[in-house]
>>> print(open('input13.cif').read())   # mmCIF, N, CA and C atoms
data_target
#
loop_
_atom_site.group_PDB
_atom_site.id
_atom_site.type_symbol
_atom_site.label_atom_id
_atom_site.label_comp_id
_atom_site.auth_asym_id
_atom_site.auth_seq_id
_atom_site.Cartn_x
_atom_site.Cartn_y
_atom_site.Cartn_z
ATOM 1 N N TYR A 1316 119.230 90.184 107.257
ATOM 2 C CA TYR A 1316 120.527 90.558 106.767
ATOM 3 C C TYR A 1316 120.935 89.583 105.681
ATOM 4 N N VAL A 1317 121.968 89.954 104.919
ATOM 5 C CA VAL A 1317 122.442 89.105 103.821
ATOM 6 C C VAL A 1317 123.808 88.550 104.181
ATOM 7 N N HIS A 1318 123.972 87.230 104.012
ATOM 8 C CA HIS A 1318 125.227 86.566 104.315
ATOM 9 C C HIS A 1318 125.528 85.607 103.172
ATOM 10 N N SER A 1319 126.670 85.770 102.550
ATOM 11 C CA SER A 1319 127.097 84.908 101.440
ATOM 12 C C SER A 1319 126.043 84.836 100.337
ATOM 13 N N GLY A 1320 125.436 85.994 100.032
ATOM 14 C CA GLY A 1320 124.455 86.041 98.959
ATOM 15 C C GLY A 1320 123.093 85.505 99.326
ATOM 16 N N ARG A 1321 122.896 85.103 100.562
ATOM 17 C CA ARG A 1321 121.612 84.584 101.015
ATOM 18 C C ARG A 1321 121.008 85.523 102.036
ATOM 19 N N THR A 1322 119.701 85.664 101.989
ATOM 20 C CA THR A 1322 119.009 86.486 102.961
ATOM 21 C C THR A 1322 118.633 85.623 104.153
ATOM 22 N N ALA A 1323 118.978 86.072 105.331
ATOM 23 C CA ALA A 1323 118.651 85.334 106.550
ATOM 24 C C ALA A 1323 117.527 86.066 107.275
ATOM 25 N N VAL A 1324 116.615 85.322 107.822
ATOM 26 C CA VAL A 1324 115.528 85.888 108.605
ATOM 27 C C VAL A 1324 115.850 85.661 110.072
ATOM 28 N N GLU A 1325 115.875 86.750 110.824
ATOM 29 C CA GLU A 1325 116.173 86.633 112.242
ATOM 30 C C GLU A 1325 114.941 86.143 113.002
ATOM 31 N N VAL A 1326 115.163 85.293 113.977
ATOM 32 C CA VAL A 1326 114.075 84.773 114.797
ATOM 33 C C VAL A 1326 113.748 85.806 115.867
ATOM 34 N N ASP A 1327 112.470 86.136 115.996
ATOM 35 C CA ASP A 1327 112.035 87.089 117.005
ATOM 36 C C ASP A 1327 112.320 86.525 118.391
ATOM 37 N N GLU A 1328 112.762 87.391 119.288
ATOM 38 C CA GLU A 1328 113.132 86.939 120.629
ATOM 39 C C GLU A 1328 111.948 86.340 121.388
ATOM 40 N N TYR A 1329 110.717 86.664 120.989
ATOM 41 C CA TYR A 1329 109.532 86.150 121.675
ATOM 42 C C TYR A 1329 108.919 84.938 120.972
ATOM 43 N N SER A 1330 109.592 84.393 119.969
ATOM 44 C CA SER A 1330 108.990 83.314 119.182
ATOM 45 C C SER A 1330 108.705 82.055 119.998
ATOM 46 N N THR A 1331 109.369 81.871 121.095
ATOM 47 C CA THR A 1331 109.117 80.686 121.924
ATOM 48 C C THR A 1331 108.093 80.950 123.022
ATOM 49 N N ASN A 1332 107.615 82.186 123.107
ATOM 50 C CA ASN A 1332 106.642 82.519 124.144
ATOM 51 C C ASN A 1332 105.556 83.422 123.540
ATOM 52 N N PRO A 1333 104.554 82.833 122.884
ATOM 53 C CA PRO A 1333 103.535 83.636 122.211
ATOM 54 C C PRO A 1333 102.763 84.559 123.144
ATOM 55 N N THR A 1334 102.550 84.150 124.384
ATOM 56 C CA THR A 1334 101.822 85.010 125.321
ATOM 57 C C THR A 1334 102.622 86.273 125.613
ATOM 58 N N GLN A 1335 103.894 86.112 125.845
ATOM 59 C CA GLN A 1335 104.761 87.257 126.104
ATOM 60 C C GLN A 1335 104.846 88.144 124.863
ATOM 61 N N ALA A 1336 104.933 87.535 123.672
ATOM 62 C CA ALA A 1336 104.989 88.304 122.429
ATOM 63 C C ALA A 1336 103.725 89.131 122.258
ATOM 64 N N PHE A 1337 102.562 88.510 122.459
ATOM 65 C CA PHE A 1337 101.300 89.244 122.322
ATOM 66 C C PHE A 1337 101.245 90.414 123.287
ATOM 67 N N THR A 1338 101.605 90.153 124.536
ATOM 68 C CA THR A 1338 101.581 91.217 125.540
ATOM 69 C C THR A 1338 102.518 92.351 125.152
ATOM 70 N N PHE A 1339 103.742 92.031 124.768
ATOM 71 C CA PHE A 1339 104.726 93.053 124.440
ATOM 72 C C PHE A 1339 104.302 93.870 123.224
ATOM 73 N N TYR A 1340 103.959 93.193 122.131
ATOM 74 C CA TYR A 1340 103.643 93.916 120.903
ATOM 75 C C TYR A 1340 102.275 94.595 120.971
ATOM 76 N N ASN A 1341 101.333 94.008 121.709
ATOM 77 C CA ASN A 1341 100.028 94.639 121.850
ATOM 78 C C ASN A 1341 100.142 95.937 122.638
ATOM 79 N N ILE A 1342 100.918 95.923 123.711
ATOM 80 C CA ILE A 1342 101.098 97.114 124.532
ATOM 81 C C ILE A 1342 101.838 98.197 123.748
ATOM 82 N N ASN A 1343 102.809 97.796 122.944
ATOM 83 C CA ASN A 1343 103.684 98.758 122.285
ATOM 84 C C ASN A 1343 103.352 99.034 120.826
ATOM 85 N N GLN A 1344 102.277 98.473 120.292
ATOM 86 C CA GLN A 1344 102.053 98.563 118.861
ATOM 87 C C GLN A 1344 101.871 99.992 118.345
ATOM 88 N N GLY A 1345 101.340 100.888 119.170
ATOM 89 C CA GLY A 1345 101.133 102.247 118.707
ATOM 90 C C GLY A 1345 102.395 103.088 118.652
ATOM 91 N N ARG A 1346 103.418 102.701 119.384
ATOM 92 C CA ARG A 1346 104.626 103.535 119.452
ATOM 93 C C ARG A 1346 105.902 102.789 119.133
ATOM 94 N N PHE A 1347 105.776 101.543 118.730
ATOM 95 C CA PHE A 1347 106.983 100.751 118.536
ATOM 96 C C PHE A 1347 106.786 99.785 117.382
ATOM 97 N N GLN A 1348 107.766 99.697 116.533
ATOM 98 C CA GLN A 1348 107.799 98.659 115.509
ATOM 99 C C GLN A 1348 109.108 97.915 115.674
ATOM 100 N N PRO A 1349 109.069 96.588 115.746
ATOM 101 C CA PRO A 1349 110.322 95.850 115.839
ATOM 102 C C PRO A 1349 111.229 96.216 114.665
ATOM 103 N N PRO A 1350 112.528 96.227 114.853
ATOM 104 C CA PRO A 1350 113.441 96.682 113.803
ATOM 105 C C PRO A 1350 113.387 95.840 112.536
ATOM 106 N N HIS A 1351 112.940 94.591 112.626
ATOM 107 C CA HIS A 1351 112.899 93.731 111.452
ATOM 108 C C HIS A 1351 111.540 93.765 110.739
ATOM 109 N N VAL A 1352 110.612 94.608 111.217
ATOM 110 C CA VAL A 1352 109.304 94.730 110.576
ATOM 111 C C VAL A 1352 109.293 95.997 109.744
ATOM 112 N N HIS A 1353 109.008 95.846 108.475
ATOM 113 C CA HIS A 1353 108.959 96.995 107.575
ATOM 114 C C HIS A 1353 107.530 97.187 107.125
ATOM 115 N N MET A 1354 106.923 98.291 107.532
ATOM 116 C CA MET A 1354 105.540 98.571 107.166
ATOM 117 C C MET A 1354 105.483 98.983 105.700
ATOM 118 N N VAL A 1355 104.470 98.516 105.014
ATOM 119 C CA VAL A 1355 104.261 98.877 103.613
ATOM 120 C C VAL A 1355 102.847 99.403 103.461
ATOM 121 N N ASP A 1356 102.669 100.261 102.473
ATOM 122 C CA ASP A 1356 101.335 100.762 102.184
ATOM 123 C C ASP A 1356 100.602 99.728 101.345
ATOM 124 N N PRO A 1357 99.332 99.453 101.669
ATOM 125 C CA PRO A 1357 98.593 98.491 100.852
ATOM 126 C C PRO A 1357 98.368 99.035 99.447
ATOM 127 N N MET A 1358 98.307 98.112 98.494
ATOM 128 C CA MET A 1358 98.048 98.493 97.107
ATOM 129 C C MET A 1358 96.563 98.332 96.820
ATOM 130 N N PRO A 1359 96.020 99.129 95.904
ATOM 131 C CA PRO A 1359 94.635 98.896 95.483
ATOM 132 C C PRO A 1359 94.491 97.469 94.947
ATOM 133 N N HIS A 1360 93.319 96.876 95.131
ATOM 134 C CA HIS A 1360 93.130 95.467 94.774
ATOM 135 C C HIS A 1360 93.305 95.200 93.283
ATOM 136 N N ASP A 1361 93.196 96.234 92.452
ATOM 137 C CA ASP A 1361 93.303 96.021 91.001
ATOM 138 C C ASP A 1361 94.660 96.453 90.430
ATOM 139 N N THR A 1362 95.664 96.622 91.285
ATOM 140 C CA THR A 1362 97.006 96.992 90.827
ATOM 141 C C THR A 1362 97.616 95.852 90.020
ATOM 142 N N PRO A 1363 98.064 96.122 88.788
ATOM 143 C CA PRO A 1363 98.693 95.049 88.004
ATOM 144 C C PRO A 1363 99.980 94.563 88.669
ATOM 145 N N LYS A 1364 100.253 93.292 88.491
ATOM 146 C CA LYS A 1364 101.472 92.697 89.050
ATOM 147 C C LYS A 1364 102.609 92.912 88.060
ATOM 148 N N PRO A 1365 103.747 93.451 88.510
ATOM 149 C CA PRO A 1365 104.886 93.625 87.601
ATOM 150 C C PRO A 1365 105.403 92.275 87.107
ATOM 151 N N PRO A 1366 105.852 92.212 85.871
ATOM 152 C CA PRO A 1366 106.405 90.960 85.345
ATOM 153 C C PRO A 1366 107.601 90.494 86.173
ATOM 154 N N GLY A 1367 107.692 89.196 86.370
ATOM 155 C CA GLY A 1367 108.823 88.629 87.091
ATOM 156 C C GLY A 1367 108.681 88.636 88.597
ATOM 157 N N TYR A 1368 107.556 89.130 89.130
ATOM 158 C CA TYR A 1368 107.333 89.176 90.568
ATOM 159 C C TYR A 1368 106.350 88.083 90.976
ATOM 160 N N THR A 1369 106.401 87.694 92.230
ATOM 161 C CA THR A 1369 105.419 86.785 92.815
ATOM 162 C C THR A 1369 104.586 87.609 93.780
ATOM 163 N N ARG A 1370 103.275 87.578 93.598
ATOM 164 C CA ARG A 1370 102.392 88.350 94.482
ATOM 165 C C ARG A 1370 101.793 87.432 95.527
ATOM 166 N N PHE A 1371 102.010 87.796 96.782
ATOM 167 C CA PHE A 1371 101.405 87.112 97.914
ATOM 168 C C PHE A 1371 100.192 87.923 98.356
ATOM 169 N N VAL A 1372 99.066 87.276 98.508
ATOM 170 C CA VAL A 1372 97.858 87.915 99.022
ATOM 171 C C VAL A 1372 97.636 87.327 100.412
ATOM 172 N N CYS A 1373 97.717 88.182 101.426
ATOM 173 C CA CYS A 1373 97.632 87.728 102.814
ATOM 174 C C CYS A 1373 96.462 88.407 103.512
ATOM 175 N N ILE A 1374 95.578 87.608 104.092
ATOM 176 C CA ILE A 1374 94.477 88.148 104.875
ATOM 177 C C ILE A 1374 94.315 87.301 106.132
ATOM 178 N N SER A 1375 93.542 87.811 107.066
ATOM 179 C CA SER A 1375 93.222 87.030 108.261
ATOM 180 C C SER A 1375 91.970 87.615 108.899
ATOM 181 N N ASP A 1376 91.483 86.910 109.891
ATOM 182 C CA ASP A 1376 90.376 87.390 110.724
ATOM 183 C C ASP A 1376 89.146 87.790 109.916
ATOM 184 N N THR A 1377 88.776 86.965 108.948
ATOM 185 C CA THR A 1377 87.585 87.274 108.154
ATOM 186 C C THR A 1377 86.298 86.888 108.878
ATOM 187 N N HIS A 1378 86.354 85.949 109.811
ATOM 188 C CA HIS A 1378 85.226 85.595 110.673
ATOM 189 C C HIS A 1378 83.918 85.414 109.903
ATOM 190 N N SER A 1379 83.964 84.635 108.815
ATOM 191 C CA SER A 1379 82.789 84.325 107.988
ATOM 192 C C SER A 1379 82.219 85.550 107.277
ATOM 193 N N ARG A 1380 82.997 86.611 107.155
ATOM 194 C CA ARG A 1380 82.519 87.831 106.488
ATOM 195 C C ARG A 1380 83.335 88.091 105.220
ATOM 196 N N THR A 1381 83.251 87.181 104.280
ATOM 197 C CA THR A 1381 84.041 87.285 103.057
ATOM 198 C C THR A 1381 83.272 87.890 101.886
ATOM 199 N N ASP A 1382 81.975 88.127 102.052
ATOM 200 C CA ASP A 1382 81.150 88.585 100.931
ATOM 201 C C ASP A 1382 81.617 89.898 100.312
ATOM 202 N N ALA A 1383 82.095 90.830 101.109
ATOM 203 C CA ALA A 1383 82.452 92.159 100.595
ATOM 204 C C ALA A 1383 83.937 92.312 100.266
ATOM 205 N N ILE A 1384 84.711 91.243 100.387
ATOM 206 C CA ILE A 1384 86.154 91.346 100.157
ATOM 207 C C ILE A 1384 86.444 91.368 98.664
ATOM 208 N N GLN A 1385 87.216 92.363 98.232
ATOM 209 C CA GLN A 1385 87.693 92.427 96.850
ATOM 210 C C GLN A 1385 89.104 91.872 96.834
ATOM 211 N N MET A 1386 89.234 90.646 96.395
ATOM 212 C CA MET A 1386 90.532 89.981 96.416
ATOM 213 C C MET A 1386 91.343 90.336 95.177
ATOM 214 N N PRO A 1387 92.586 90.750 95.383
ATOM 215 C CA PRO A 1387 93.457 90.981 94.229
ATOM 216 C C PRO A 1387 93.934 89.660 93.642
ATOM 217 N N TYR A 1388 94.370 89.703 92.396
ATOM 218 C CA TYR A 1388 94.994 88.535 91.800
ATOM 219 C C TYR A 1388 96.293 88.281 92.553
ATOM 220 N N GLY A 1389 96.594 87.033 92.789
ATOM 221 C CA GLY A 1389 97.856 86.700 93.433
ATOM 222 C C GLY A 1389 98.322 85.324 93.027
ATOM 223 N N ASP A 1390 99.582 85.086 93.213
ATOM 224 C CA ASP A 1390 100.167 83.784 92.931
ATOM 225 C C ASP A 1390 100.068 82.859 94.136
ATOM 226 N N VAL A 1391 100.158 83.443 95.330
ATOM 227 C CA VAL A 1391 100.106 82.673 96.569
ATOM 228 C C VAL A 1391 99.103 83.352 97.492
ATOM 229 N N PHE A 1392 98.153 82.575 98.001
ATOM 230 C CA PHE A 1392 97.143 83.098 98.924
ATOM 231 C C PHE A 1392 97.402 82.539 100.312
ATOM 232 N N ILE A 1393 97.446 83.424 101.299
ATOM 233 C CA ILE A 1393 97.651 83.019 102.688
ATOM 234 C C ILE A 1393 96.509 83.586 103.516
ATOM 235 N N HIS A 1394 95.759 82.697 104.156
ATOM 236 C CA HIS A 1394 94.772 83.146 105.146
ATOM 237 C C HIS A 1394 95.341 82.753 106.495
ATOM 238 N N ALA A 1395 95.654 83.746 107.309
ATOM 239 C CA ALA A 1395 96.416 83.505 108.534
ATOM 240 C C ALA A 1395 95.555 83.175 109.749
ATOM 241 N N GLY A 1396 94.305 82.817 109.547
ATOM 242 C CA GLY A 1396 93.528 82.330 110.674
ATOM 243 C C GLY A 1396 92.248 83.086 110.938
ATOM 244 N N ASP A 1397 91.433 82.489 111.784
ATOM 245 C CA ASP A 1397 90.126 83.019 112.185
ATOM 246 C C ASP A 1397 89.223 83.278 110.978
ATOM 247 N N PHE A 1398 88.992 82.222 110.201
ATOM 248 C CA PHE A 1398 88.109 82.385 109.047
ATOM 249 C C PHE A 1398 86.657 82.096 109.380
ATOM 250 N N THR A 1399 86.366 81.575 110.577
ATOM 251 C CA THR A 1399 84.981 81.370 111.002
ATOM 252 C C THR A 1399 84.699 82.233 112.223
ATOM 253 N N GLU A 1400 83.417 82.384 112.505
ATOM 254 C CA GLU A 1400 83.014 83.100 113.713
ATOM 255 C C GLU A 1400 82.931 82.132 114.894
ATOM 256 N N LEU A 1401 82.296 80.979 114.643
ATOM 257 C CA LEU A 1401 82.067 80.024 115.723
ATOM 258 C C LEU A 1401 82.695 78.651 115.487
ATOM 259 N N GLY A 1402 83.287 78.444 114.310
ATOM 260 C CA GLY A 1402 83.879 77.159 113.999
ATOM 261 C C GLY A 1402 82.879 76.108 113.544
ATOM 262 N N LEU A 1403 81.722 76.549 113.094
ATOM 263 C CA LEU A 1403 80.679 75.621 112.648
ATOM 264 C C LEU A 1403 81.025 75.008 111.298
ATOM 265 N N PRO A 1404 80.621 73.761 111.080
ATOM 266 C CA PRO A 1404 80.857 73.148 109.768
ATOM 267 C C PRO A 1404 80.279 73.966 108.610
ATOM 268 N N SER A 1405 79.133 74.591 108.820
ATOM 269 C CA SER A 1405 78.542 75.417 107.755
ATOM 270 C C SER A 1405 79.436 76.612 107.415
ATOM 271 N N GLU A 1406 80.138 77.161 108.400
ATOM 272 C CA GLU A 1406 81.056 78.268 108.154
ATOM 273 C C GLU A 1406 82.283 77.796 107.372
ATOM 274 N N VAL A 1407 82.760 76.600 107.706
ATOM 275 C CA VAL A 1407 83.893 76.033 106.991
ATOM 276 C C VAL A 1407 83.515 75.787 105.535
ATOM 277 N N LYS A 1408 82.309 75.258 105.306
ATOM 278 C CA LYS A 1408 81.846 75.023 103.943
ATOM 279 C C LYS A 1408 81.710 76.339 103.180
ATOM 280 N N LYS A 1409 81.151 77.351 103.823
ATOM 281 C CA LYS A 1409 81.011 78.671 103.176
ATOM 282 C C LYS A 1409 82.381 79.222 102.790
ATOM 283 N N PHE A 1410 83.361 79.093 103.677
ATOM 284 C CA PHE A 1410 84.708 79.583 103.399
ATOM 285 C C PHE A 1410 85.320 78.803 102.249
ATOM 286 N N ASN A 1411 85.164 77.497 102.246
ATOM 287 C CA ASN A 1411 85.688 76.665 101.175
ATOM 288 C C ASN A 1411 85.037 77.029 99.832
ATOM 289 N N ASP A 1412 83.734 77.256 99.835
ATOM 290 C CA ASP A 1412 83.036 77.672 98.618
ATOM 291 C C ASP A 1412 83.569 79.008 98.128
ATOM 292 N N TRP A 1413 83.834 79.928 99.060
ATOM 293 C CA TRP A 1413 84.372 81.250 98.687
ATOM 294 C C TRP A 1413 85.759 81.103 98.071
ATOM 295 N N LEU A 1414 86.581 80.230 98.646
ATOM 296 C CA LEU A 1414 87.908 79.996 98.087
ATOM 297 C C LEU A 1414 87.834 79.457 96.657
ATOM 298 N N GLY A 1415 86.809 78.651 96.389
ATOM 299 C CA GLY A 1415 86.671 78.026 95.088
ATOM 300 C C GLY A 1415 86.143 78.935 93.997
ATOM 301 N N GLN A 1416 85.713 80.122 94.358
ATOM 302 C CA GLN A 1416 85.160 81.057 93.349
ATOM 303 C C GLN A 1416 86.239 81.612 92.451
#
>>> encode(input="input13.cif", output="structure tokens")
Amino acid sequence: YVHSGRTAVEVDEYSTNPTQAFTFYNINQGRFQPPHVHMVDPMPHDTPKPPGYTRFVCISDTHSRTDAIQMPYGDVFIHAGDFTELGLPSEVKKFNDWLGQ
């Protein structure tokens, strides 16, 4: 919501209990979307960025399988976790090398 010209982000009621949050949203994900979650359609990876916008590129759960990913141009890159399969140093190095491309 907006208050005094500022946008406020509401804290999810399950934010202090990740196990309960996972259980609740996992069970209900097919028939329920929290009211503060707005689903968007993904854009093709080669969609030009409109002037004056900041593009966030967010991915997760790549599990050392980054070879086939077509990454769009972005200003901010967020990898939200699980970038290795087993957590091996060689996987971390491979991921770091991929980031550097």
>>> closest_residue(input="input13.cif", among="A:Asp1327, A:Arg1370, A:Ser1375, A:Asp1361", to="Gly1389 in chain A", atoms="all atoms listed in the file")
A:Arg1370
>>> residues_around(input="input13.cif", residues="range 1398-1402 of chain A", least_positions_apart="2", cutoff="6 Å", atoms="only C-alpha atoms", output="PyMOL selection string")
chain A and resi 1376-1379+1396+1406
>>> atom_distance(input="input13.cif", atom1="CA of Pro1366 in chain A", atom2="CA of Ile1393 in chain A")
21.0 Å
>>> closest_residue(input="input13.cif", among="A:Phe1337, A:Trp1413, A:Phe1371, A:Tyr1329", to="Phe1392 in chain A", atoms="all atoms listed in the file")
A:Phe1371
>>> select_by_dssp(input="input13.cif", residues="chain A", states="strand (DSSP E)", output="PyMOL selection string")
chain A and resi 1317-1318+1321-1322+1371-1374+1391-1394
>>> axis_aligned_box(input="input13.cif", around="range 1329-1335 of chain A", padding_each_side="6 Å", output="AutoDock Vina command-line options")
--center_x 106.3 --center_y 84.4 --center_z 122.6 --size_x 20.9 --size_y 19.5 --size_z 18.9
>>> atom_distance(input="input13.cif", atom1="atom C of Thr1362 in chain A", atom2="atom C of Tyr1388 in chain A")
8.1 Å
>>> atom_distance(input="input13.cif", atom1="atom C of Asp1412 in chain A", atom2="atom C of Met1358 in chain A")
23.3 Å
>>> closest_residue(input="input13.cif", among="A:Val1355, A:Thr1369, A:Ser1330, A:Phe1410", to="Thr1381 in chain A", atoms="only N, CA and C atoms")
A:Phe1410
>>> select_by_dssp(input="input13.cif", residues="chain A", states="alpha helix (DSSP H)", output="short mmCIF file (atom, residue, chain, number, x, y, z; two decimals) with N, CA and C atoms, keeping the file's coordinate frame")
data_model
loop_
_atom_site.label_atom_id
_atom_site.label_comp_id
_atom_site.auth_asym_id
_atom_site.auth_seq_id
_atom_site.Cartn_x
_atom_site.Cartn_y
_atom_site.Cartn_z
N PRO A 1333 104.55 82.83 122.88
CA PRO A 1333 103.54 83.64 122.21
C PRO A 1333 102.76 84.56 123.14
N THR A 1334 102.55 84.15 124.38
CA THR A 1334 101.82 85.01 125.32
C THR A 1334 102.62 86.27 125.61
N GLN A 1335 103.89 86.11 125.84
CA GLN A 1335 104.76 87.26 126.10
C GLN A 1335 104.85 88.14 124.86
N ALA A 1336 104.93 87.54 123.67
CA ALA A 1336 104.99 88.30 122.43
C ALA A 1336 103.72 89.13 122.26
N PHE A 1337 102.56 88.51 122.46
CA PHE A 1337 101.30 89.24 122.32
C PHE A 1337 101.24 90.41 123.29
N THR A 1338 101.60 90.15 124.54
CA THR A 1338 101.58 91.22 125.54
C THR A 1338 102.52 92.35 125.15
N PHE A 1339 103.74 92.03 124.77
CA PHE A 1339 104.73 93.05 124.44
C PHE A 1339 104.30 93.87 123.22
N TYR A 1340 103.96 93.19 122.13
CA TYR A 1340 103.64 93.92 120.90
C TYR A 1340 102.28 94.60 120.97
N ASN A 1341 101.33 94.01 121.71
CA ASN A 1341 100.03 94.64 121.85
C ASN A 1341 100.14 95.94 122.64
N ILE A 1342 100.92 95.92 123.71
CA ILE A 1342 101.10 97.11 124.53
C ILE A 1342 101.84 98.20 123.75
N ASN A 1343 102.81 97.80 122.94
CA ASN A 1343 103.68 98.76 122.28
C ASN A 1343 103.35 99.03 120.83
N PRO A 1404 80.62 73.76 111.08
CA PRO A 1404 80.86 73.15 109.77
C PRO A 1404 80.28 73.97 108.61
N SER A 1405 79.13 74.59 108.82
CA SER A 1405 78.54 75.42 107.76
C SER A 1405 79.44 76.61 107.42
N GLU A 1406 80.14 77.16 108.40
CA GLU A 1406 81.06 78.27 108.15
C GLU A 1406 82.28 77.80 107.37
N VAL A 1407 82.76 76.60 107.71
CA VAL A 1407 83.89 76.03 106.99
C VAL A 1407 83.52 75.79 105.54
N LYS A 1408 82.31 75.26 105.31
CA LYS A 1408 81.85 75.02 103.94
C LYS A 1408 81.71 76.34 103.18
N LYS A 1409 81.15 77.35 103.82
CA LYS A 1409 81.01 78.67 103.18
C LYS A 1409 82.38 79.22 102.79
N PHE A 1410 83.36 79.09 103.68
CA PHE A 1410 84.71 79.58 103.40
C PHE A 1410 85.32 78.80 102.25
N ASN A 1411 85.16 77.50 102.25
CA ASN A 1411 85.69 76.67 101.18
C ASN A 1411 85.04 77.03 99.83
N ASP A 1412 83.73 77.26 99.84
CA ASP A 1412 83.04 77.67 98.62
C ASP A 1412 83.57 79.01 98.13
N TRP A 1413 83.83 79.93 99.06
CA TRP A 1413 84.37 81.25 98.69
C TRP A 1413 85.76 81.10 98.07
N LEU A 1414 86.58 80.23 98.65
CA LEU A 1414 87.91 80.00 98.09
C LEU A 1414 87.83 79.46 96.66
#
>>> build_atoms(input="input13.cif", residues="range 1359-1374 of chain A", atoms="N, CA, C and O atoms", output="PDB file, in the coordinates of the input")
ATOM      1  N   PRO A1359      96.020  99.129  95.904  1.00  0.00           N
ATOM      2  CA  PRO A1359      94.635  98.896  95.483  1.00  0.00           C
ATOM      3  C   PRO A1359      94.491  97.469  94.947  1.00  0.00           C
ATOM      4  O   PRO A1359      95.431  96.914  94.369  1.00  0.00           O
ATOM      5  N   HIS A1360      93.319  96.876  95.131  1.00  0.00           N
ATOM      6  CA  HIS A1360      93.130  95.467  94.774  1.00  0.00           C
ATOM      7  C   HIS A1360      93.305  95.200  93.283  1.00  0.00           C
ATOM      8  O   HIS A1360      93.561  94.074  92.887  1.00  0.00           O
ATOM      9  N   ASP A1361      93.196  96.234  92.452  1.00  0.00           N
ATOM     10  CA  ASP A1361      93.303  96.021  91.001  1.00  0.00           C
ATOM     11  C   ASP A1361      94.660  96.453  90.430  1.00  0.00           C
ATOM     12  O   ASP A1361      94.818  96.613  89.227  1.00  0.00           O
ATOM     13  N   THR A1362      95.664  96.622  91.285  1.00  0.00           N
ATOM     14  CA  THR A1362      97.006  96.992  90.827  1.00  0.00           C
ATOM     15  C   THR A1362      97.616  95.852  90.020  1.00  0.00           C
ATOM     16  O   THR A1362      97.656  94.716  90.502  1.00  0.00           O
ATOM     17  N   PRO A1363      98.064  96.122  88.788  1.00  0.00           N
ATOM     18  CA  PRO A1363      98.693  95.049  88.004  1.00  0.00           C
ATOM     19  C   PRO A1363      99.980  94.563  88.669  1.00  0.00           C
ATOM     20  O   PRO A1363     100.697  95.321  89.305  1.00  0.00           O
ATOM     21  N   LYS A1364     100.253  93.292  88.491  1.00  0.00           N
ATOM     22  CA  LYS A1364     101.472  92.697  89.050  1.00  0.00           C
ATOM     23  C   LYS A1364     102.609  92.912  88.060  1.00  0.00           C
ATOM     24  O   LYS A1364     102.481  92.595  86.884  1.00  0.00           O
ATOM     25  N   PRO A1365     103.747  93.451  88.510  1.00  0.00           N
ATOM     26  CA  PRO A1365     104.886  93.625  87.601  1.00  0.00           C
ATOM     27  C   PRO A1365     105.403  92.275  87.107  1.00  0.00           C
ATOM     28  O   PRO A1365     105.396  91.295  87.853  1.00  0.00           O
ATOM     29  N   PRO A1366     105.852  92.212  85.871  1.00  0.00           N
ATOM     30  CA  PRO A1366     106.405  90.960  85.345  1.00  0.00           C
ATOM     31  C   PRO A1366     107.601  90.494  86.173  1.00  0.00           C
ATOM     32  O   PRO A1366     108.406  91.295  86.626  1.00  0.00           O
ATOM     33  N   GLY A1367     107.692  89.196  86.370  1.00  0.00           N
ATOM     34  CA  GLY A1367     108.823  88.629  87.091  1.00  0.00           C
ATOM     35  C   GLY A1367     108.681  88.636  88.597  1.00  0.00           C
ATOM     36  O   GLY A1367     109.580  88.209  89.311  1.00  0.00           O
ATOM     37  N   TYR A1368     107.556  89.130  89.130  1.00  0.00           N
ATOM     38  CA  TYR A1368     107.333  89.176  90.568  1.00  0.00           C
ATOM     39  C   TYR A1368     106.350  88.083  90.976  1.00  0.00           C
ATOM     40  O   TYR A1368     105.545  87.632  90.170  1.00  0.00           O
ATOM     41  N   THR A1369     106.401  87.694  92.230  1.00  0.00           N
ATOM     42  CA  THR A1369     105.419  86.785  92.815  1.00  0.00           C
ATOM     43  C   THR A1369     104.586  87.609  93.780  1.00  0.00           C
ATOM     44  O   THR A1369     105.130  88.272  94.661  1.00  0.00           O
ATOM     45  N   ARG A1370     103.275  87.578  93.598  1.00  0.00           N
ATOM     46  CA  ARG A1370     102.392  88.350  94.482  1.00  0.00           C
ATOM     47  C   ARG A1370     101.793  87.432  95.527  1.00  0.00           C
ATOM     48  O   ARG A1370     101.175  86.433  95.229  1.00  0.00           O
ATOM     49  N   PHE A1371     102.010  87.796  96.782  1.00  0.00           N
ATOM     50  CA  PHE A1371     101.405  87.112  97.914  1.00  0.00           C
ATOM     51  C   PHE A1371     100.192  87.923  98.356  1.00  0.00           C
ATOM     52  O   PHE A1371     100.303  89.135  98.554  1.00  0.00           O
ATOM     53  N   VAL A1372      99.066  87.276  98.508  1.00  0.00           N
ATOM     54  CA  VAL A1372      97.858  87.915  99.022  1.00  0.00           C
ATOM     55  C   VAL A1372      97.636  87.327 100.412  1.00  0.00           C
ATOM     56  O   VAL A1372      97.426  86.132 100.560  1.00  0.00           O
ATOM     57  N   CYS A1373      97.717  88.182 101.426  1.00  0.00           N
ATOM     58  CA  CYS A1373      97.632  87.728 102.814  1.00  0.00           C
ATOM     59  C   CYS A1373      96.462  88.407 103.512  1.00  0.00           C
ATOM     60  O   CYS A1373      96.373  89.644 103.501  1.00  0.00           O
ATOM     61  N   ILE A1374      95.578  87.608 104.092  1.00  0.00           N
ATOM     62  CA  ILE A1374      94.477  88.148 104.875  1.00  0.00           C
ATOM     63  C   ILE A1374      94.315  87.301 106.132  1.00  0.00           C
ATOM     64  O   ILE A1374      94.862  86.211 106.237  1.00  0.00           O
TER      65      ILE A1374
END
